[in-house]
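Trainee: Mind having a look at this structure? Questions to follow.
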Amino acid sequence: MNLFQLRAFDAVAREGSFTRAAARLFISQPAVTGHIKALEEHYQITLLRRTARRVELTEEGTRLAAITRAMFGLAEEAQAMLEANRQLLTGRLEVAADGPHRVMPMLAQLRARYPGITVNLRLGNAQETLAALLSEHADVAVLTEVEPRKGLYLQSLGESQICALLPAGHPWAVDRHALAISELDRQIMVLREPSSITRRTFDQACVQADVRPRVLLELDSREAVTEAVAAELGIGIVSSVETSHDPRVVARSIVGPGLVNQHMIGCLERRRELRLIQAFLSLAPTV
């Protein structure tokens with residue numbers, strides 16, 4: 001069995017791309033293609049489907065990827081352990097986050113302390129971020145309202161408050177510093193999709209307070225909510241760590257129970273002692 005061929009396959013399976021796999025392995029794309037072609041021909045098996053847009057794993061490829069990810073993951077951990085006493089001059093850290101506002105200051109600190117480290121940042125919703133961490137597509141993740149589970153190390157990053165986002169000319173934006181959640185009953189609102197953590201927290205608080213807002217629009221990004229509010233389509237909901245500096249909108253705190261989110265940084269417990277992960281965990285602010 002040729003380990004070079006298996007490593008090439010593993011890189012394509014992880015990256016979903018021959019080009020990114022070649023960059024990951026520091027070899028040419030034709031070399032990656034040749035290794036995988038030789039592997040498939042030797043064992044008379046199809047591991048990948050190549051389309052115009054992407055590379056997909058076959059059923060056999062999915063089964064092999066689970067094995068190679070574990071195999072080369074252990075090799076990477078062994079290498080990291082052996083190099084634990086070396087100064088962090090180089091390295092690559094895969095980071096996932098469910099929003100940019102908490103993670104960007106941490107990445108700035110990481111760059112200042114360890115300028116030789118390369119970071120690949122994946123931004124997604126809460127479910128995508130947790131999935132990336134659990135599947136080892138990310139080394140560390142910045143998460144919101146994640147439930148503790150076996151094998152997952154979590155460290156607090158503090159909390160945020162749910163806020164109302166108002167057009168700058170709205171009466172509440174002019175003469176109010178905070179709103180009672182009861183005041184949002186029957187108000188026209190533009191909100192994130194129901195799977196959003198901010199939306200989910202707000203919905204639960206509304207149920208608890210017997211408040212029934214009128215949802216005009218459901219949008220799939222914070223930026224879209226800001227634009228909708230600026231266009232005076234309704235009142236939006238944002239986290240206090242995501243408040244916009246856009247002069248067209250104003251954020252106001254909402255007073256009521258259940259309107260707080262907990263933020264955390266996490267990694268797999270068995271990888272917690274790896275030097276590069278420890279370097280990132282050390283950047284978390286003391287709360």
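Each chain in the structure tokens gets a letter, A, B and so on, in the order shown; residues start at 1 in every chain, and ligands are counted from 1 in the order they appear.
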Could you tell me, as a PDB file with N, CA and C atoms, in the first residue's frame, which residues of segment 14-80 of chain A DSSP assigns to helix (DSSP H, G or I) when given the backbone?
Mentor:
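As written to disk, result_17.pdb reads:
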```pdb
ATOM      1  N   ARG A  14     -10.551  15.859   2.402  1.00  0.00           N
ATOM      2  CA  ARG A  14     -10.708  16.923   3.402  1.00  0.00           C
ATOM      3  C   ARG A  14     -11.031  18.273   2.761  1.00  0.00           C
ATOM      4  N   GLU A  15     -10.326  18.555   1.660  1.00  0.00           N
ATOM      5  CA  GLU A  15     -10.445  19.887   1.054  1.00  0.00           C
ATOM      6  C   GLU A  15     -11.566  19.978   0.027  1.00  0.00           C
ATOM      7  N   PHE A  18      -8.904  19.329  -5.750  1.00  0.00           N
ATOM      8  CA  PHE A  18      -7.546  18.915  -6.083  1.00  0.00           C
ATOM      9  C   PHE A  18      -6.566  20.069  -5.894  1.00  0.00           C
ATOM     10  N   THR A  19      -7.013  21.280  -6.233  1.00  0.00           N
ATOM     11  CA  THR A  19      -6.139  22.450  -6.110  1.00  0.00           C
ATOM     12  C   THR A  19      -5.777  22.716  -4.659  1.00  0.00           C
ATOM     13  N   ARG A  20      -6.792  22.707  -3.778  1.00  0.00           N
ATOM     14  CA  ARG A  20      -6.518  22.962  -2.360  1.00  0.00           C
ATOM     15  C   ARG A  20      -5.744  21.813  -1.727  1.00  0.00           C
ATOM     16  N   ALA A  21      -5.992  20.593  -2.201  1.00  0.00           N
ATOM     17  CA  ALA A  21      -5.234  19.448  -1.690  1.00  0.00           C
ATOM     18  C   ALA A  21      -3.756  19.581  -2.047  1.00  0.00           C
ATOM     19  N   ALA A  22      -3.480  20.018  -3.272  1.00  0.00           N
ATOM     20  CA  ALA A  22      -2.085  20.213  -3.683  1.00  0.00           C
ATOM     21  C   ALA A  22      -1.395  21.266  -2.824  1.00  0.00           C
ATOM     22  N   ALA A  23      -2.114  22.355  -2.536  1.00  0.00           N
ATOM     23  CA  ALA A  23      -1.556  23.406  -1.680  1.00  0.00           C
ATOM     24  C   ALA A  23      -1.316  22.881  -0.269  1.00  0.00           C
ATOM     25  N   ARG A  24      -2.213  22.039   0.212  1.00  0.00           N
ATOM     26  CA  ARG A  24      -2.074  21.472   1.560  1.00  0.00           C
ATOM     27  C   ARG A  24      -0.831  20.580   1.660  1.00  0.00           C
ATOM     28  N   LEU A  25      -0.555  19.835   0.577  1.00  0.00           N
ATOM     29  CA  LEU A  25       0.560  18.884   0.584  1.00  0.00           C
ATOM     30  C   LEU A  25       1.860  19.473   0.027  1.00  0.00           C
ATOM     31  N   GLN A  29      -0.712  19.977  -8.543  1.00  0.00           N
ATOM     32  CA  GLN A  29      -2.020  19.362  -8.737  1.00  0.00           C
ATOM     33  C   GLN A  29      -1.927  18.095  -9.597  1.00  0.00           C
ATOM     34  N   PRO A  30      -1.135  18.091 -10.689  1.00  0.00           N
ATOM     35  CA  PRO A  30      -1.004  16.838 -11.456  1.00  0.00           C
ATOM     36  C   PRO A  30      -0.464  15.687 -10.610  1.00  0.00           C
ATOM     37  N   ALA A  31       0.410  15.996  -9.644  1.00  0.00           N
ATOM     38  CA  ALA A  31       0.941  14.937  -8.775  1.00  0.00           C
ATOM     39  C   ALA A  31      -0.165  14.344  -7.911  1.00  0.00           C
ATOM     40  N   VAL A  32      -1.032  15.201  -7.383  1.00  0.00           N
ATOM     41  CA  VAL A  32      -2.163  14.721  -6.596  1.00  0.00           C
ATOM     42  C   VAL A  32      -3.062  13.848  -7.463  1.00  0.00           C
ATOM     43  N   THR A  33      -3.392  14.331  -8.647  1.00  0.00           N
ATOM     44  CA  THR A  33      -4.240  13.574  -9.569  1.00  0.00           C
ATOM     45  C   THR A  33      -3.623  12.222  -9.899  1.00  0.00           C
ATOM     46  N   GLY A  34      -2.307  12.213 -10.148  1.00  0.00           N
ATOM     47  CA  GLY A  34      -1.627  10.973 -10.496  1.00  0.00           C
ATOM     48  C   GLY A  34      -1.643   9.962  -9.360  1.00  0.00           C
ATOM     49  N   HIS A  35      -1.432  10.421  -8.137  1.00  0.00           N
ATOM     50  CA  HIS A  35      -1.451   9.518  -6.984  1.00  0.00           C
ATOM     51  C   HIS A  35      -2.820   8.854  -6.835  1.00  0.00           C
ATOM     52  N   ILE A  36      -3.885   9.644  -6.965  1.00  0.00           N
ATOM     53  CA  ILE A  36      -5.226   9.094  -6.774  1.00  0.00           C
ATOM     54  C   ILE A  36      -5.612   8.178  -7.935  1.00  0.00           C
ATOM     55  N   LYS A  37      -5.231   8.547  -9.134  1.00  0.00           N
ATOM     56  CA  LYS A  37      -5.507   7.693 -10.293  1.00  0.00           C
ATOM     57  C   LYS A  37      -4.826   6.336 -10.126  1.00  0.00           C
ATOM     58  N   ALA A  38      -3.560   6.364  -9.664  1.00  0.00           N
ATOM     59  CA  ALA A  38      -2.828   5.114  -9.455  1.00  0.00           C
ATOM     60  C   ALA A  38      -3.480   4.264  -8.370  1.00  0.00           C
ATOM     61  N   LEU A  39      -3.971   4.913  -7.310  1.00  0.00           N
ATOM     62  CA  LEU A  39      -4.642   4.196  -6.225  1.00  0.00           C
ATOM     63  C   LEU A  39      -5.913   3.520  -6.731  1.00  0.00           C
ATOM     64  N   GLU A  40      -6.712   4.266  -7.497  1.00  0.00           N
ATOM     65  CA  GLU A  40      -7.964   3.719  -8.021  1.00  0.00           C
ATOM     66  C   GLU A  40      -7.700   2.570  -9.003  1.00  0.00           C
ATOM     67  N   GLU A  41      -6.702   2.738  -9.856  1.00  0.00           N
ATOM     68  CA  GLU A  41      -6.414   1.700 -10.855  1.00  0.00           C
ATOM     69  C   GLU A  41      -5.862   0.434 -10.201  1.00  0.00           C
ATOM     70  N   HIS A  42      -5.009   0.606  -9.196  1.00  0.00           N
ATOM     71  CA  HIS A  42      -4.411  -0.564  -8.552  1.00  0.00           C
ATOM     72  C   HIS A  42      -5.459  -1.426  -7.862  1.00  0.00           C
ATOM     73  N   TYR A  43      -6.436  -0.764  -7.208  1.00  0.00           N
ATOM     74  CA  TYR A  43      -7.445  -1.506  -6.455  1.00  0.00           C
ATOM     75  C   TYR A  43      -8.768  -1.648  -7.217  1.00  0.00           C
ATOM     76  N   GLU A  59     -19.397   6.161  -2.364  1.00  0.00           N
ATOM     77  CA  GLU A  59     -19.646   5.457  -1.105  1.00  0.00           C
ATOM     78  C   GLU A  59     -18.361   4.815  -0.586  1.00  0.00           C
ATOM     79  N   GLU A  60     -17.590   4.198  -1.484  1.00  0.00           N
ATOM     80  CA  GLU A  60     -16.328   3.599  -1.073  1.00  0.00           C
ATOM     81  C   GLU A  60     -15.339   4.676  -0.641  1.00  0.00           C
ATOM     82  N   GLY A  61     -15.356   5.816  -1.333  1.00  0.00           N
ATOM     83  CA  GLY A  61     -14.476   6.919  -0.965  1.00  0.00           C
ATOM     84  C   GLY A  61     -14.784   7.461   0.414  1.00  0.00           C
ATOM     85  N   THR A  62     -16.067   7.534   0.756  1.00  0.00           N
ATOM     86  CA  THR A  62     -16.472   8.008   2.082  1.00  0.00           C
ATOM     87  C   THR A  62     -15.956   7.081   3.167  1.00  0.00           C
ATOM     88  N   ARG A  63     -16.046   5.772   2.922  1.00  0.00           N
ATOM     89  CA  ARG A  63     -15.559   4.801   3.904  1.00  0.00           C
ATOM     90  C   ARG A  63     -14.041   4.898   4.061  1.00  0.00           C
ATOM     91  N   LEU A  64     -13.334   5.054   2.941  1.00  0.00           N
ATOM     92  CA  LEU A  64     -11.877   5.165   3.018  1.00  0.00           C
ATOM     93  C   LEU A  64     -11.464   6.472   3.694  1.00  0.00           C
ATOM     94  N   ALA A  65     -12.202   7.554   3.428  1.00  0.00           N
ATOM     95  CA  ALA A  65     -11.864   8.851   4.017  1.00  0.00           C
ATOM     96  C   ALA A  65     -11.950   8.809   5.538  1.00  0.00           C
ATOM     97  N   ALA A  66     -12.915   8.055   6.068  1.00  0.00           N
ATOM     98  CA  ALA A  66     -13.027   7.929   7.526  1.00  0.00           C
ATOM     99  C   ALA A  66     -11.780   7.263   8.105  1.00  0.00           C
ATOM    100  N   ILE A  67     -11.216   6.302   7.357  1.00  0.00           N
ATOM    101  CA  ILE A  67     -10.011   5.612   7.821  1.00  0.00           C
ATOM    102  C   ILE A  67      -8.784   6.511   7.696  1.00  0.00           C
ATOM    103  N   THR A  68      -8.619   7.160   6.544  1.00  0.00           N
ATOM    104  CA  THR A  68      -7.423   7.979   6.339  1.00  0.00           C
ATOM    105  C   THR A  68      -7.423   9.207   7.234  1.00  0.00           C
ATOM    106  N   ARG A  69      -8.605   9.760   7.515  1.00  0.00           N
ATOM    107  CA  ARG A  69      -8.657  10.925   8.413  1.00  0.00           C
ATOM    108  C   ARG A  69      -8.164  10.540   9.806  1.00  0.00           C
ATOM    109  N   ALA A  70      -8.599   9.375  10.287  1.00  0.00           N
ATOM    110  CA  ALA A  70      -8.132   8.913  11.596  1.00  0.00           C
ATOM    111  C   ALA A  70      -6.637   8.607  11.554  1.00  0.00           C
ATOM    112  N   MET A  71      -6.190   7.956  10.480  1.00  0.00           N
ATOM    113  CA  MET A  71      -4.794   7.545  10.372  1.00  0.00           C
ATOM    114  C   MET A  71      -3.848   8.745  10.319  1.00  0.00           C
ATOM    115  N   PHE A  72      -4.124   9.664   9.403  1.00  0.00           N
ATOM    116  CA  PHE A  72      -3.241  10.811   9.266  1.00  0.00           C
ATOM    117  C   PHE A  72      -3.469  11.840  10.375  1.00  0.00           C
ATOM    118  N   GLY A  73      -4.670  11.829  10.964  1.00  0.00           N
ATOM    119  CA  GLY A  73      -4.903  12.682  12.132  1.00  0.00           C
ATOM    120  C   GLY A  73      -3.997  12.278  13.279  1.00  0.00           C
ATOM    121  N   LEU A  74      -3.835  10.975  13.501  1.00  0.00           N
ATOM    122  CA  LEU A  74      -2.932  10.488  14.548  1.00  0.00           C
ATOM    123  C   LEU A  74      -1.479  10.825  14.215  1.00  0.00           C
ATOM    124  N   ALA A  75      -1.135  10.728  12.938  1.00  0.00           N
ATOM    125  CA  ALA A  75       0.235  11.076  12.536  1.00  0.00           C
ATOM    126  C   ALA A  75       0.512  12.554  12.803  1.00  0.00           C
ATOM    127  N   GLU A  76      -0.485  13.402  12.511  1.00  0.00           N
ATOM    128  CA  GLU A  76      -0.325  14.836  12.764  1.00  0.00           C
ATOM    129  C   GLU A  76      -0.207  15.122  14.256  1.00  0.00           C
ATOM    130  N   GLU A  77      -0.978  14.397  15.077  1.00  0.00           N
ATOM    131  CA  GLU A  77      -0.875  14.582  16.519  1.00  0.00           C
ATOM    132  C   GLU A  77       0.488  14.132  17.034  1.00  0.00           C
ATOM    133  N   ALA A  78       1.020  13.030  16.479  1.00  0.00           N
ATOM    134  CA  ALA A  78       2.344  12.554  16.885  1.00  0.00           C
ATOM    135  C   ALA A  78       3.410  13.594  16.545  1.00  0.00           C
ATOM    136  N   GLN A  79       3.298  14.171  15.350  1.00  0.00           N
ATOM    137  CA  GLN A  79       4.257  15.192  14.952  1.00  0.00           C
ATOM    138  C   GLN A  79       4.146  16.414  15.854  1.00  0.00           C
ATOM    139  N   ALA A  80       2.919  16.805  16.171  1.00  0.00           N
ATOM    140  CA  ALA A  80       2.723  17.970  17.040  1.00  0.00           C
ATOM    141  C   ALA A  80       3.302  17.726  18.434  1.00  0.00           C
TER     142      ALA A  80
END
```
Trainee: For Thr198 of chain A, work out the shell of residues within 8 Å, counting only C-alpha atoms and skipping chain neighbours fewer than 5 positions away, then give it as a list in words.
Mentor: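 The residues satisfying every condition are Ile162, Arg192, Ile237, Val238, Ser239 and Asn261 of chain A.
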Trainee: Hey, what's within 9 Å of Thr201 of chain A if we count only C-alpha atoms and toss same-chain stuff fewer than 2 positions away? As a list in words, please?
Mentor: Ile162, Ser196, Ile197, Thr198, Arg199, Asp203, Gln204, Ala205, Cys206, Gly258, Leu259, Val260 and Asn261 of chain A
Trainee: Find the residues around segment 164-168 of chain A up to 7 Å (only C-alpha atoms counted), leave out those fewer than 6 positions away in its own chain, and share them as a list in words.
Mentor: Val229, Ala230, Glu232, Ile235, Gly236, Ile237, Val238, Arg248, Val249, Val250, Ala251, Arg252, Ser253 and Ile254 of chain A
Trainee: I need the strand (DSSP E) residues of segment 120-284 of chain A per DSSP on the backbone, written as a PyMOL selection string.
Mentor: chain A and resi 120-123+140-144+152-167+178-180+188-192+214-219+235-239+249-255+260-268
Trainee: With only C-alpha atoms as the atoms that count, which of A:His263, A:Arg214, A:Arg122, A:Arg53 lies nearest to Gln161 of chain A?
Mentor: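 Between A:His263, A:Arg214, A:Arg122, A:Arg53, the residue approaching Gln161 of chain A most closely is A:His263.
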Trainee: Using only C-alpha atoms, which of the listed residues (A:Thr58, A:Ser28, A:Gln278, A:Asn125) sits closest to Val140 of chain A?
Mentor: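 Closest to Val140 of chain A of all the choices is A:Gln278.
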Trainee: Can you build me a table of segment 147-193 of chain A residues sitting at most 9 Å from segment 264-271 of chain A, with the closest atom pair per residue and its distance in Å to one decimal, using only C-alpha atoms, sorted by chain and residue number, as JSON lines?
Mentor:
```
{"residue": "A:Lys150", "atom": "CA", "partner": "A:Glu269", "partner_atom": "CA", "distance": 8.4}
{"residue": "A:Gly151", "atom": "CA", "partner": "A:Glu269", "partner_atom": "CA", "distance": 5.1}
{"residue": "A:Leu152", "atom": "CA", "partner": "A:Leu268", "partner_atom": "CA", "distance": 4.7}
{"residue": "A:Tyr153", "atom": "CA", "partner": "A:Glu269", "partner_atom": "CA", "distance": 4.9}
{"residue": "A:Leu154", "atom": "CA", "partner": "A:Gly266", "partner_atom": "CA", "distance": 4.4}
{"residue": "A:Gln155", "atom": "CA", "partner": "A:Ile265", "partner_atom": "CA", "distance": 5.2}
{"residue": "A:Ser156", "atom": "CA", "partner": "A:Met264", "partner_atom": "CA", "distance": 4.5}
{"residue": "A:Leu157", "atom": "CA", "partner": "A:Met264", "partner_atom": "CA", "distance": 4.8}
{"residue": "A:Gly158", "atom": "CA", "partner": "A:Met264", "partner_atom": "CA", "distance": 7.2}
{"residue": "A:Glu159", "atom": "CA", "partner": "A:Met264", "partner_atom": "CA", "distance": 8.8}
```
Trainee: For the selection you just gave me, I'd like the residues written to a file as an mmCIF file, in the first residue's frame, keeping N, CA, C and O atoms.
Mentor:
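Saved result, selection_22.cif, follows:
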```cif
data_model
loop_
_atom_site.group_PDB
_atom_site.id
_atom_site.type_symbol
_atom_site.label_atom_id
_atom_site.label_comp_id
_atom_site.auth_asym_id
_atom_site.auth_seq_id
_atom_site.Cartn_x
_atom_site.Cartn_y
_atom_site.Cartn_z
ATOM 1 N N LYS A 150 -19.471 14.856 25.835
ATOM 2 C CA LYS A 150 -18.268 14.086 26.105
ATOM 3 C C LYS A 150 -17.275 14.265 24.963
ATOM 4 O O LYS A 150 -17.624 14.196 23.794
ATOM 5 N N GLY A 151 -16.020 14.513 25.337
ATOM 6 C CA GLY A 151 -14.963 14.646 24.353
ATOM 7 C C GLY A 151 -14.782 16.042 23.819
ATOM 8 O O GLY A 151 -13.890 16.284 22.995
ATOM 9 N N LEU A 152 -15.602 17.006 24.281
ATOM 10 C CA LEU A 152 -15.529 18.383 23.802
ATOM 11 C C LEU A 152 -15.104 19.299 24.945
ATOM 12 O O LEU A 152 -15.745 19.338 25.996
ATOM 13 N N TYR A 153 -14.007 20.018 24.756
ATOM 14 C CA TYR A 153 -13.540 20.983 25.753
ATOM 15 C C TYR A 153 -14.099 22.362 25.403
ATOM 16 O O TYR A 153 -13.979 22.828 24.269
ATOM 17 N N LEU A 154 -14.706 23.016 26.384
ATOM 18 C CA LEU A 154 -15.299 24.341 26.181
ATOM 19 C C LEU A 154 -14.743 25.319 27.215
ATOM 20 O O LEU A 154 -14.597 24.985 28.388
ATOM 21 N N GLN A 155 -14.472 26.526 26.766
ATOM 22 C CA GLN A 155 -13.949 27.589 27.623
ATOM 23 C C GLN A 155 -14.775 28.850 27.373
ATOM 24 O O GLN A 155 -15.017 29.229 26.231
ATOM 25 N N SER A 156 -15.228 29.489 28.437
ATOM 26 C CA SER A 156 -16.137 30.629 28.301
ATOM 27 C C SER A 156 -15.450 31.835 27.677
ATOM 28 O O SER A 156 -14.297 32.152 27.979
ATOM 29 N N LEU A 157 -16.193 32.516 26.796
ATOM 30 C CA LEU A 157 -15.747 33.786 26.215
ATOM 31 C C LEU A 157 -16.638 34.949 26.667
ATOM 32 O O LEU A 157 -16.497 36.057 26.155
ATOM 33 N N GLY A 158 -17.566 34.675 27.577
ATOM 34 C CA GLY A 158 -18.465 35.734 28.035
ATOM 35 C C GLY A 158 -19.845 35.611 27.422
ATOM 36 O O GLY A 158 -20.196 34.601 26.817
ATOM 37 N N GLU A 159 -20.635 36.644 27.580
ATOM 38 C CA GLU A 159 -22.014 36.616 27.112
ATOM 39 C C GLU A 159 -22.359 37.870 26.332
ATOM 40 O O GLU A 159 -21.626 38.859 26.356
#
```
Trainee: Under the rule that only C-alpha atoms are counted, which of A:Met1, A:Val225, A:Met106, A:Ala209 is the nearest residue to Ala284 of chain A?
Mentor: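 When distances to Ala284 of chain A are compared using only C-alpha atoms, the smallest one comes from A:Met106.
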Trainee: Separation of atom CA of Ile277 of chain A and atom CA of Ser17 of chain A, in Å?
Mentor: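 According to the coordinates, atom CA of Ile277 of chain A and atom CA of Ser17 of chain A are separated by 25.5 Å.
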Trainee: Fewer than 4 positions away in the same chain doesn't count, so skip those; otherwise give me all residues within 12 Å of Ala108 of chain A, counting only C-alpha atoms, as a count of residues only.
Mentor: 14
Trainee: May I ask for the distance between atom CA of Val190 of chain A and atom CA of Ala228 of chain A, given in Å to one decimal place?
Mentor: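 The value is 6.9 Å.
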Trainee: Which is closer to Glu94 of chain A than all the others in A:Val207, A:Asp246, A:Leu276, A:Gln187, using only C-alpha atoms?
Mentor: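 Closest to Glu94 of chain A of all the choices is A:Leu276.
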